Amino acid sequence: MISLINIVLSLAVYIKNIFKHEGKLDSMNGNYWDDFEDYELAEIYDIKGYVEGLADKVDKAFSDLNEDYHPAYLGVDNAARLYSLIRENKPSTVIETGVCNGMSSTMILKALEDNKKGKLYSVDLPVVAGSIEGRTGAVLPPGKSSGWVVPEEYKHRWDLLLGNTYYVLPKIFQEIGETDIFIHDSGHSYETMMFEFGIAWYHLNETGFLIADNTDKNDAFRDFARAKKRKLYRMNYLALLAK
Ligand SMILES: C[S@@+](CC[C@H](N)C(=O)[O-])C[C@H]1O[C@@H](n2cnc3c(N)ncnc32)[C@H](O)[C@@H]1O
């Protein structure tokens, strides 16, 4: 009897949550960035040519696949801004979730290498094209592994950990204690984003940044910023909170 009551209660909470998030999504349509301030970088580095070359390499690997498949990387402008932010802030430690082909990882690692300082921890649970029915975005071409586009010369600054962020992030933080920059680009469900933002914020150092892609998919980033009473910034289409 008690377990039946528990099941009914859980179901009610689940249904309530679905409607809660859908309602917020509707209210975000159209003017998502209205509440955000542009994050000004002191110096924008001339790096677009490099990012475009990287994007071409990834796109070429997809050209033989069914046209439904796409790599879902950060985008040229976002990647260039991310590079500039890391050049400007010279972090010792960066953590990113969501590697896939490795566009963002490459740009972060290149910035660290150009700074001659810092280490990147990346977490990915990769999906190869064709292995999950209906999944066409954020996939790897068959035969490739997570971060395949990352050049060898940057890998000495890189620790790539494969697995779900729910299991891997606590282990990373247990090992390193804190981070200067955290970048979310893994699974974009409300729950996964809130989980990652929560654990990252707790371990973010006093002058750190929390960055996320695809924040317009749900209200997680704005809810989190409000809960922490922080100003919302956008860096191109990446959302950013400063601790
Ligand atoms: C949008 S792609 C990352 C793109 C990458 N940041 C870039 O710019 O090239 C998202 C990646 O996160 C992975 N992923 C999704 N949910 C995850 C989770 N809970 N834990 C770890 N990785 C996850 C996906 O399989 C995919 O490889």
# chains A, B, ... in the order shown; residues from 1 in each chain; ligands from 1
$ residues_near_ligand --ligand "ligand 1" --cutoff "8 Å" --atoms "only C-alpha atoms and all ligand atoms" --output "PyMOL selection string"
chain A and resi 71-75+79+96-105+123-127+137-140+146-147+162-166+184-188+192
$ select_by_dssp --residues "range 5-207 of chain A" --states "strand (DSSP E)" --output "list in words"
Glu37, Asp38, Thr93, Val94, Ile95, Glu96, Thr97, Lys119, Leu120, Tyr121, Ser122, Val123, Asp124, Trp158, Asp159, Leu160, Leu161, Leu162, Thr179, Asp180, Ile181, Phe182, Ile183, His184, Leu204, Asn205, Glu206 and Thr207 of chain A
$ write_last_selection --atoms "N, CA and C atoms" --output "PDB file, in the first residue's frame"
ATOM      1  N   GLU A  37      23.695  40.523 -20.316  1.00  0.00           N
ATOM      2  CA  GLU A  37      24.593  41.609 -20.733  1.00  0.00           C
ATOM      3  C   GLU A  37      25.716  41.005 -21.554  1.00  0.00           C
ATOM      4  N   ASP A  38      26.211  41.751 -22.554  1.00  0.00           N
ATOM      5  CA  ASP A  38      27.341  41.220 -23.321  1.00  0.00           C
ATOM      6  C   ASP A  38      28.583  41.191 -22.455  1.00  0.00           C
ATOM      7  N   THR A  93      43.366  25.738 -14.390  1.00  0.00           N
ATOM      8  CA  THR A  93      42.548  24.550 -14.622  1.00  0.00           C
ATOM      9  C   THR A  93      41.242  24.907 -15.325  1.00  0.00           C
ATOM     10  N   VAL A  94      40.917  24.128 -16.347  1.00  0.00           N
ATOM     11  CA  VAL A  94      39.627  24.260 -17.047  1.00  0.00           C
ATOM     12  C   VAL A  94      38.992  22.877 -17.056  1.00  0.00           C
ATOM     13  N   ILE A  95      37.669  22.829 -16.822  1.00  0.00           N
ATOM     14  CA  ILE A  95      36.939  21.565 -16.968  1.00  0.00           C
ATOM     15  C   ILE A  95      35.851  21.793 -18.009  1.00  0.00           C
ATOM     16  N   GLU A  96      35.716  20.857 -18.942  1.00  0.00           N
ATOM     17  CA  GLU A  96      34.594  20.939 -19.890  1.00  0.00           C
ATOM     18  C   GLU A  96      33.863  19.603 -19.901  1.00  0.00           C
ATOM     19  N   THR A  97      32.527  19.682 -20.104  1.00  0.00           N
ATOM     20  CA  THR A  97      31.756  18.455 -20.292  1.00  0.00           C
ATOM     21  C   THR A  97      31.209  18.480 -21.718  1.00  0.00           C
ATOM     22  N   LYS A 119      45.820  23.261 -17.517  1.00  0.00           N
ATOM     23  CA  LYS A 119      45.435  21.891 -17.850  1.00  0.00           C
ATOM     24  C   LYS A 119      43.929  21.828 -18.066  1.00  0.00           C
ATOM     25  N   LEU A 120      43.520  20.984 -19.025  1.00  0.00           N
ATOM     26  CA  LEU A 120      42.089  20.792 -19.312  1.00  0.00           C
ATOM     27  C   LEU A 120      41.671  19.380 -18.934  1.00  0.00           C
ATOM     28  N   TYR A 121      40.563  19.300 -18.169  1.00  0.00           N
ATOM     29  CA  TYR A 121      39.921  18.015 -17.896  1.00  0.00           C
ATOM     30  C   TYR A 121      38.627  17.995 -18.712  1.00  0.00           C
ATOM     31  N   SER A 122      38.479  16.981 -19.575  1.00  0.00           N
ATOM     32  CA  SER A 122      37.262  16.880 -20.389  1.00  0.00           C
ATOM     33  C   SER A 122      36.532  15.593 -20.059  1.00  0.00           C
ATOM     34  N   VAL A 123      35.195  15.679 -20.058  1.00  0.00           N
ATOM     35  CA  VAL A 123      34.367  14.491 -19.788  1.00  0.00           C
ATOM     36  C   VAL A 123      33.432  14.270 -20.972  1.00  0.00           C
ATOM     37  N   ASP A 124      33.376  13.030 -21.454  1.00  0.00           N
ATOM     38  CA  ASP A 124      32.481  12.753 -22.579  1.00  0.00           C
ATOM     39  C   ASP A 124      31.928  11.337 -22.507  1.00  0.00           C
ATOM     40  N   TRP A 158      46.129  17.660 -21.440  1.00  0.00           N
ATOM     41  CA  TRP A 158      44.749  17.179 -21.500  1.00  0.00           C
ATOM     42  C   TRP A 158      44.550  15.891 -20.743  1.00  0.00           C
ATOM     43  N   ASP A 159      43.464  15.848 -19.972  1.00  0.00           N
ATOM     44  CA  ASP A 159      43.031  14.607 -19.342  1.00  0.00           C
ATOM     45  C   ASP A 159      41.600  14.363 -19.839  1.00  0.00           C
ATOM     46  N   LEU A 160      41.421  13.375 -20.699  1.00  0.00           N
ATOM     47  CA  LEU A 160      40.094  13.065 -21.250  1.00  0.00           C
ATOM     48  C   LEU A 160      39.518  11.880 -20.494  1.00  0.00           C
ATOM     49  N   LEU A 161      38.358  12.093 -19.883  1.00  0.00           N
ATOM     50  CA  LEU A 161      37.749  11.014 -19.091  1.00  0.00           C
ATOM     51  C   LEU A 161      36.414  10.633 -19.720  1.00  0.00           C
ATOM     52  N   LEU A 162      36.271   9.353 -20.048  1.00  0.00           N
ATOM     53  CA  LEU A 162      35.042   8.900 -20.694  1.00  0.00           C
ATOM     54  C   LEU A 162      34.059   8.370 -19.662  1.00  0.00           C
ATOM     55  N   THR A 179      38.395  24.572  -9.637  1.00  0.00           N
ATOM     56  CA  THR A 179      38.729  24.904 -11.026  1.00  0.00           C
ATOM     57  C   THR A 179      38.554  26.397 -11.265  1.00  0.00           C
ATOM     58  N   ASP A 180      39.217  26.908 -12.310  1.00  0.00           N
ATOM     59  CA  ASP A 180      39.103  28.334 -12.647  1.00  0.00           C
ATOM     60  C   ASP A 180      37.955  28.575 -13.629  1.00  0.00           C
ATOM     61  N   ILE A 181      37.777  27.626 -14.550  1.00  0.00           N
ATOM     62  CA  ILE A 181      36.710  27.760 -15.559  1.00  0.00           C
ATOM     63  C   ILE A 181      36.016  26.412 -15.721  1.00  0.00           C
ATOM     64  N   PHE A 182      34.680  26.456 -15.786  1.00  0.00           N
ATOM     65  CA  PHE A 182      33.903  25.235 -16.043  1.00  0.00           C
ATOM     66  C   PHE A 182      33.014  25.505 -17.259  1.00  0.00           C
ATOM     67  N   ILE A 183      33.028  24.589 -18.224  1.00  0.00           N
ATOM     68  CA  ILE A 183      32.235  24.776 -19.455  1.00  0.00           C
ATOM     69  C   ILE A 183      31.318  23.577 -19.644  1.00  0.00           C
ATOM     70  N   HIS A 184      30.023  23.848 -19.668  1.00  0.00           N
ATOM     71  CA  HIS A 184      29.044  22.768 -19.891  1.00  0.00           C
ATOM     72  C   HIS A 184      28.651  22.703 -21.370  1.00  0.00           C
ATOM     73  N   LEU A 204      34.200  26.039  -7.911  1.00  0.00           N
ATOM     74  CA  LEU A 204      34.772  27.112  -8.739  1.00  0.00           C
ATOM     75  C   LEU A 204      35.513  28.094  -7.835  1.00  0.00           C
ATOM     76  N   ASN A 205      36.711  28.490  -8.218  1.00  0.00           N
ATOM     77  CA  ASN A 205      37.416  29.394  -7.299  1.00  0.00           C
ATOM     78  C   ASN A 205      36.842  30.818  -7.357  1.00  0.00           C
ATOM     79  N   GLU A 206      37.263  31.660  -6.464  1.00  0.00           N
ATOM     80  CA  GLU A 206      36.657  32.980  -6.233  1.00  0.00           C
ATOM     81  C   GLU A 206      36.537  33.868  -7.471  1.00  0.00           C
ATOM     82  N   THR A 207      37.476  33.705  -8.418  1.00  0.00           N
ATOM     83  CA  THR A 207      37.446  34.547  -9.622  1.00  0.00           C
ATOM     84  C   THR A 207      37.054  33.724 -10.853  1.00  0.00           C
TER      85      THR A 207
END
$ atom_distance --atom1 "CA of Tyr45 in chain A" --atom2 "CA of Met235 in chain A"
14.1 Å
$ residues_around --residues "Phe62 in chain A" --least-positions-apart "6" --cutoff "8 Å" --atoms "only C-alpha atoms" --output "ChimeraX atom specification"
/A:69-71,141
$ write_last_selection --atoms "N, CA and C atoms" --output "PDB file, in the first residue's frame"
ATOM      1  N   TYR A  69      23.046  13.217 -40.262  1.00  0.00           N
ATOM      2  CA  TYR A  69      24.001  13.273 -39.150  1.00  0.00           C
ATOM      3  C   TYR A  69      24.772  14.598 -39.137  1.00  0.00           C
ATOM      4  N   HIS A  70      24.930  15.150 -37.946  1.00  0.00           N
ATOM      5  CA  HIS A  70      25.732  16.379 -37.841  1.00  0.00           C
ATOM      6  C   HIS A  70      26.521  16.381 -36.538  1.00  0.00           C
ATOM      7  N   PRO A  71      27.682  17.069 -36.510  1.00  0.00           N
ATOM      8  CA  PRO A  71      28.583  16.978 -35.369  1.00  0.00           C
ATOM      9  C   PRO A  71      28.180  17.818 -34.154  1.00  0.00           C
ATOM     10  N   PRO A 141      31.707  10.238 -36.200  1.00  0.00           N
ATOM     11  CA  PRO A 141      31.677   9.378 -37.385  1.00  0.00           C
ATOM     12  C   PRO A 141      32.192   7.985 -36.995  1.00  0.00           C
TER      13      PRO A 141
END
$ select_by_dssp --residues "range 130-204 of chain A" --states "helix (DSSP H, G or I)" --output "PDB file with C-alpha atoms, in the first residue's frame"
ATOM      1  CA  GLU A 152      48.816  15.607 -30.759  1.00  0.00           C
ATOM      2  CA  GLU A 153      50.942  18.580 -29.682  1.00  0.00           C
ATOM      3  CA  TYR A 154      48.244  19.796 -27.244  1.00  0.00           C
ATOM      4  CA  LYS A 155      47.529  16.476 -25.548  1.00  0.00           C
ATOM      5  CA  HIS A 156      50.150  16.890 -22.832  1.00  0.00           C
ATOM      6  CA  ARG A 157      47.788  19.446 -21.243  1.00  0.00           C
ATOM      7  CA  THR A 165      29.321  13.467 -15.942  1.00  0.00           C
ATOM      8  CA  TYR A 166      27.205  12.361 -12.961  1.00  0.00           C
ATOM      9  CA  TYR A 167      29.923   9.833 -12.087  1.00  0.00           C
ATOM     10  CA  VAL A 168      33.053  11.453 -13.498  1.00  0.00           C
ATOM     11  CA  LEU A 169      32.763  15.063 -12.236  1.00  0.00           C
ATOM     12  CA  PRO A 170      32.746  14.144  -8.518  1.00  0.00           C
ATOM     13  CA  LYS A 171      35.931  12.119  -9.097  1.00  0.00           C
ATOM     14  CA  ILE A 172      37.663  15.012 -10.883  1.00  0.00           C
ATOM     15  CA  PHE A 173      36.773  17.451  -8.112  1.00  0.00           C
ATOM     16  CA  GLN A 174      37.884  14.987  -5.481  1.00  0.00           C
ATOM     17  CA  GLU A 175      41.264  14.902  -7.251  1.00  0.00           C
ATOM     18  CA  ILE A 176      41.792  18.580  -8.073  1.00  0.00           C
ATOM     19  CA  TYR A 190      17.349  20.601 -17.115  1.00  0.00           C
ATOM     20  CA  GLU A 191      18.441  17.997 -14.567  1.00  0.00           C
ATOM     21  CA  THR A 192      21.893  17.387 -16.090  1.00  0.00           C
ATOM     22  CA  MET A 193      22.582  21.107 -16.451  1.00  0.00           C
ATOM     23  CA  MET A 194      21.525  21.827 -12.854  1.00  0.00           C
ATOM     24  CA  PHE A 195      23.633  18.939 -11.595  1.00  0.00           C
ATOM     25  CA  GLU A 196      26.726  20.166 -13.468  1.00  0.00           C
ATOM     26  CA  PHE A 197      26.199  23.839 -12.541  1.00  0.00           C
ATOM     27  CA  GLY A 198      25.755  22.914  -8.872  1.00  0.00           C
ATOM     28  CA  ILE A 199      28.859  20.792  -8.500  1.00  0.00           C
ATOM     29  CA  ALA A 200      30.936  23.155 -10.647  1.00  0.00           C
ATOM     30  CA  TRP A 201      29.893  26.265  -8.699  1.00  0.00           C
ATOM     31  CA  TYR A 202      30.773  24.660  -5.397  1.00  0.00           C
TER      32      TYR A 202
END
$ closest_residue --among "A:Asn66, A:Phe36, A:Ala111, A:Lys229" --to "Leu85 in chain A" --atoms "only C-alpha atoms"
A:Ala111
$ atom_distance --atom1 "CA of Ser189 in chain A" --atom2 "CA of Ala61 in chain A"
27.6 Å
$ residues_around --residues "Ala242 in chain A" --least-positions-apart "2" --cutoff "9 Å" --atoms "only C-alpha atoms" --output "PyMOL selection string"
chain A and resi 206-211+230-233+240
$ atom_distance --atom1 "CA of Leu238 in chain A" --atom2 "CA of Phe221 in chain A"
11.0 Å
$ closest_residue --among "A:Val150, A:Ala227, A:Ile108, A:Ala212" --to "Val58 in chain A" --atoms "only C-alpha atoms"
A:Val150
$ decode --residues "range 17-165 of chain A" --atoms "C-alpha atoms" --output "PDB file, in the first residue's frame"
ATOM      1  CA  ASN A  17       7.921  18.979 -13.449  1.00  0.00           C
ATOM      2  CA  ILE A  18       7.183  18.337 -17.132  1.00  0.00           C
ATOM      3  CA  PHE A  19       4.579  21.108 -17.165  1.00  0.00           C
ATOM      4  CA  LYS A  20       6.758  23.435 -15.076  1.00  0.00           C
ATOM      5  CA  HIS A  21       9.633  23.244 -17.575  1.00  0.00           C
ATOM      6  CA  GLU A  22       7.424  23.416 -20.649  1.00  0.00           C
ATOM      7  CA  GLY A  23       5.692  26.523 -19.344  1.00  0.00           C
ATOM      8  CA  LYS A  24       9.045  28.256 -18.818  1.00  0.00           C
ATOM      9  CA  LEU A  25      10.244  27.212 -22.252  1.00  0.00           C
ATOM     10  CA  ASP A  26       7.254  28.925 -23.857  1.00  0.00           C
ATOM     11  CA  SER A  27       7.958  32.116 -21.952  1.00  0.00           C
ATOM     12  CA  MET A  28      11.573  32.095 -23.228  1.00  0.00           C
ATOM     13  CA  ASN A  29      10.712  31.918 -26.912  1.00  0.00           C
ATOM     14  CA  GLY A  30      11.897  34.848 -28.991  1.00  0.00           C
ATOM     15  CA  ASN A  31      13.897  37.110 -26.661  1.00  0.00           C
ATOM     16  CA  TYR A  32      16.074  34.726 -24.772  1.00  0.00           C
ATOM     17  CA  TRP A  33      19.074  37.046 -24.547  1.00  0.00           C
ATOM     18  CA  ASP A  34      17.105  40.094 -23.340  1.00  0.00           C
ATOM     19  CA  ASP A  35      18.147  39.541 -19.719  1.00  0.00           C
ATOM     20  CA  PHE A  36      21.810  39.036 -20.595  1.00  0.00           C
ATOM     21  CA  GLU A  37      24.593  41.609 -20.733  1.00  0.00           C
ATOM     22  CA  ASP A  38      27.341  41.220 -23.321  1.00  0.00           C
ATOM     23  CA  TYR A  39      30.544  40.012 -21.723  1.00  0.00           C
ATOM     24  CA  GLU A  40      33.308  42.299 -22.957  1.00  0.00           C
ATOM     25  CA  LEU A  41      36.684  40.759 -23.628  1.00  0.00           C
ATOM     26  CA  ALA A  42      39.620  43.156 -23.490  1.00  0.00           C
ATOM     27  CA  GLU A  43      41.271  41.502 -26.455  1.00  0.00           C
ATOM     28  CA  ILE A  44      39.745  39.442 -29.262  1.00  0.00           C
ATOM     29  CA  TYR A  45      42.435  37.240 -30.793  1.00  0.00           C
ATOM     30  CA  ASP A  46      42.646  36.672 -34.543  1.00  0.00           C
ATOM     31  CA  ILE A  47      41.855  32.982 -34.419  1.00  0.00           C
ATOM     32  CA  LYS A  48      38.847  32.515 -36.721  1.00  0.00           C
ATOM     33  CA  GLY A  49      40.959  31.069 -39.570  1.00  0.00           C
ATOM     34  CA  TYR A  50      42.212  28.347 -37.235  1.00  0.00           C
ATOM     35  CA  VAL A  51      38.678  27.516 -36.010  1.00  0.00           C
ATOM     36  CA  GLU A  52      37.336  27.420 -39.574  1.00  0.00           C
ATOM     37  CA  GLY A  53      40.090  24.962 -40.555  1.00  0.00           C
ATOM     38  CA  LEU A  54      39.089  22.787 -37.617  1.00  0.00           C
ATOM     39  CA  ALA A  55      35.392  22.971 -38.521  1.00  0.00           C
ATOM     40  CA  ASP A  56      36.247  21.975 -42.135  1.00  0.00           C
ATOM     41  CA  LYS A  57      38.120  18.935 -40.862  1.00  0.00           C
ATOM     42  CA  VAL A  58      35.142  17.816 -38.771  1.00  0.00           C
ATOM     43  CA  ASP A  59      32.638  18.558 -41.548  1.00  0.00           C
ATOM     44  CA  LYS A  60      34.730  16.569 -44.051  1.00  0.00           C
ATOM     45  CA  ALA A  61      34.588  13.527 -41.757  1.00  0.00           C
ATOM     46  CA  PHE A  62      30.789  13.783 -41.877  1.00  0.00           C
ATOM     47  CA  SER A  63      30.555  14.282 -45.641  1.00  0.00           C
ATOM     48  CA  ASP A  64      30.401  10.522 -46.367  1.00  0.00           C
ATOM     49  CA  LEU A  65      27.610   9.952 -43.835  1.00  0.00           C
ATOM     50  CA  ASN A  66      23.877  10.208 -44.349  1.00  0.00           C
ATOM     51  CA  GLU A  67      23.114  13.958 -44.416  1.00  0.00           C
ATOM     52  CA  ASP A  68      20.890  13.664 -41.302  1.00  0.00           C
ATOM     53  CA  TYR A  69      24.001  13.273 -39.150  1.00  0.00           C
ATOM     54  CA  HIS A  70      25.732  16.379 -37.841  1.00  0.00           C
ATOM     55  CA  PRO A  71      28.583  16.978 -35.369  1.00  0.00           C
ATOM     56  CA  ALA A  72      26.904  19.724 -33.226  1.00  0.00           C
ATOM     57  CA  TYR A  73      30.076  21.572 -32.260  1.00  0.00           C
ATOM     58  CA  LEU A  74      30.343  24.889 -30.481  1.00  0.00           C
ATOM     59  CA  GLY A  75      30.333  27.056 -33.618  1.00  0.00           C
ATOM     60  CA  VAL A  76      33.120  29.180 -35.065  1.00  0.00           C
ATOM     61  CA  ASP A  77      32.291  32.449 -33.249  1.00  0.00           C
ATOM     62  CA  ASN A  78      31.730  30.785 -29.872  1.00  0.00           C
ATOM     63  CA  ALA A  79      34.956  28.802 -30.194  1.00  0.00           C
ATOM     64  CA  ALA A  80      36.910  31.966 -31.088  1.00  0.00           C
ATOM     65  CA  ARG A  81      35.478  33.835 -28.062  1.00  0.00           C
ATOM     66  CA  LEU A  82      36.220  30.931 -25.771  1.00  0.00           C
ATOM     67  CA  TYR A  83      39.817  30.953 -27.006  1.00  0.00           C
ATOM     68  CA  SER A  84      40.064  34.704 -26.273  1.00  0.00           C
ATOM     69  CA  LEU A  85      38.563  34.325 -22.781  1.00  0.00           C
ATOM     70  CA  ILE A  86      41.142  31.700 -21.882  1.00  0.00           C
ATOM     71  CA  ARG A  87      44.002  33.758 -23.340  1.00  0.00           C
ATOM     72  CA  GLU A  88      42.818  36.734 -21.313  1.00  0.00           C
ATOM     73  CA  ASN A  89      42.247  34.947 -17.984  1.00  0.00           C
ATOM     74  CA  LYS A  90      45.159  32.500 -18.054  1.00  0.00           C
ATOM     75  CA  PRO A  91      43.481  29.761 -15.981  1.00  0.00           C
ATOM     76  CA  SER A  92      45.442  26.977 -14.317  1.00  0.00           C
ATOM     77  CA  THR A  93      42.548  24.550 -14.622  1.00  0.00           C
ATOM     78  CA  VAL A  94      39.627  24.260 -17.047  1.00  0.00           C
ATOM     79  CA  ILE A  95      36.939  21.565 -16.968  1.00  0.00           C
ATOM     80  CA  GLU A  96      34.594  20.939 -19.890  1.00  0.00           C
ATOM     81  CA  THR A  97      31.756  18.455 -20.292  1.00  0.00           C
ATOM     82  CA  GLY A  98      30.846  17.281 -23.812  1.00  0.00           C
ATOM     83  CA  VAL A  99      33.755  16.624 -26.167  1.00  0.00           C
ATOM     84  CA  CYS A 100      32.334  14.722 -29.143  1.00  0.00           C
ATOM     85  CA  ASN A 101      34.661  15.418 -32.119  1.00  0.00           C
ATOM     86  CA  GLY A 102      36.751  17.830 -30.062  1.00  0.00           C
ATOM     87  CA  MET A 103      36.216  21.345 -31.445  1.00  0.00           C
ATOM     88  CA  SER A 104      35.876  23.039 -28.032  1.00  0.00           C
ATOM     89  CA  SER A 105      38.615  20.858 -26.505  1.00  0.00           C
ATOM     90  CA  THR A 106      41.028  21.891 -29.266  1.00  0.00           C
ATOM     91  CA  MET A 107      40.328  25.593 -28.820  1.00  0.00           C
ATOM     92  CA  ILE A 108      40.705  25.424 -25.033  1.00  0.00           C
ATOM     93  CA  LEU A 109      43.926  23.415 -25.345  1.00  0.00           C
ATOM     94  CA  LYS A 110      45.324  25.756 -27.986  1.00  0.00           C
ATOM     95  CA  ALA A 111      44.656  28.747 -25.705  1.00  0.00           C
ATOM     96  CA  LEU A 112      46.344  26.979 -22.746  1.00  0.00           C
ATOM     97  CA  GLU A 113      49.302  26.072 -24.938  1.00  0.00           C
ATOM     98  CA  ASP A 114      49.600  29.660 -26.213  1.00  0.00           C
ATOM     99  CA  ASN A 115      49.424  30.828 -22.567  1.00  0.00           C
ATOM    100  CA  LYS A 116      52.109  28.234 -21.760  1.00  0.00           C
ATOM    101  CA  LYS A 117      50.068  27.364 -18.699  1.00  0.00           C
ATOM    102  CA  GLY A 118      47.128  25.242 -17.594  1.00  0.00           C
ATOM    103  CA  LYS A 119      45.435  21.891 -17.850  1.00  0.00           C
ATOM    104  CA  LEU A 120      42.089  20.792 -19.312  1.00  0.00           C
ATOM    105  CA  TYR A 121      39.921  18.015 -17.896  1.00  0.00           C
ATOM    106  CA  SER A 122      37.262  16.880 -20.389  1.00  0.00           C
ATOM    107  CA  VAL A 123      34.367  14.491 -19.788  1.00  0.00           C
ATOM    108  CA  ASP A 124      32.481  12.753 -22.579  1.00  0.00           C
ATOM    109  CA  LEU A 125      30.020   9.925 -23.050  1.00  0.00           C
ATOM    110  CA  PRO A 126      30.384   9.512 -26.809  1.00  0.00           C
ATOM    111  CA  VAL A 127      27.780   8.244 -29.267  1.00  0.00           C
ATOM    112  CA  VAL A 128      28.849   6.924 -32.689  1.00  0.00           C
ATOM    113  CA  ALA A 129      26.587   7.724 -35.661  1.00  0.00           C
ATOM    114  CA  GLY A 130      24.157   4.865 -36.243  1.00  0.00           C
ATOM    115  CA  SER A 131      24.549   3.293 -32.792  1.00  0.00           C
ATOM    116  CA  ILE A 132      21.396   4.799 -31.272  1.00  0.00           C
ATOM    117  CA  GLU A 133      18.294   4.876 -33.445  1.00  0.00           C
ATOM    118  CA  GLY A 134      17.069   8.396 -34.105  1.00  0.00           C
ATOM    119  CA  ARG A 135      20.179  10.127 -32.680  1.00  0.00           C
ATOM    120  CA  THR A 136      21.610  12.261 -35.491  1.00  0.00           C
ATOM    121  CA  GLY A 137      23.230  15.180 -33.623  1.00  0.00           C
ATOM    122  CA  ALA A 138      26.356  15.344 -31.421  1.00  0.00           C
ATOM    123  CA  VAL A 139      27.691  12.066 -32.782  1.00  0.00           C
ATOM    124  CA  LEU A 140      31.070  10.747 -33.891  1.00  0.00           C
ATOM    125  CA  PRO A 141      31.677   9.378 -37.385  1.00  0.00           C
ATOM    126  CA  PRO A 142      32.151   5.564 -37.277  1.00  0.00           C
ATOM    127  CA  GLY A 143      35.762   4.665 -36.459  1.00  0.00           C
ATOM    128  CA  LYS A 144      36.478   7.931 -34.608  1.00  0.00           C
ATOM    129  CA  SER A 145      36.791   8.392 -30.847  1.00  0.00           C
ATOM    130  CA  SER A 146      36.045  11.373 -28.569  1.00  0.00           C
ATOM    131  CA  GLY A 147      38.296  14.330 -29.353  1.00  0.00           C
ATOM    132  CA  TRP A 148      39.757  12.785 -32.520  1.00  0.00           C
ATOM    133  CA  VAL A 149      40.317  16.246 -34.042  1.00  0.00           C
ATOM    134  CA  VAL A 150      42.575  17.418 -31.154  1.00  0.00           C
ATOM    135  CA  PRO A 151      46.185  17.824 -32.411  1.00  0.00           C
ATOM    136  CA  GLU A 152      48.816  15.607 -30.759  1.00  0.00           C
ATOM    137  CA  GLU A 153      50.942  18.580 -29.682  1.00  0.00           C
ATOM    138  CA  TYR A 154      48.244  19.796 -27.244  1.00  0.00           C
ATOM    139  CA  LYS A 155      47.529  16.476 -25.548  1.00  0.00           C
ATOM    140  CA  HIS A 156      50.150  16.890 -22.832  1.00  0.00           C
ATOM    141  CA  ARG A 157      47.788  19.446 -21.243  1.00  0.00           C
ATOM    142  CA  TRP A 158      44.749  17.179 -21.500  1.00  0.00           C
ATOM    143  CA  ASP A 159      43.031  14.607 -19.342  1.00  0.00           C
ATOM    144  CA  LEU A 160      40.094  13.065 -21.250  1.00  0.00           C
ATOM    145  CA  LEU A 161      37.749  11.014 -19.091  1.00  0.00           C
ATOM    146  CA  LEU A 162      35.042   8.900 -20.694  1.00  0.00           C
ATOM    147  CA  GLY A 163      31.782   8.374 -18.822  1.00  0.00           C
ATOM    148  CA  ASN A 164      28.669  10.086 -17.582  1.00  0.00           C
ATOM    149  CA  THR A 165      29.321  13.467 -15.942  1.00  0.00           C
TER     150      THR A 165
END
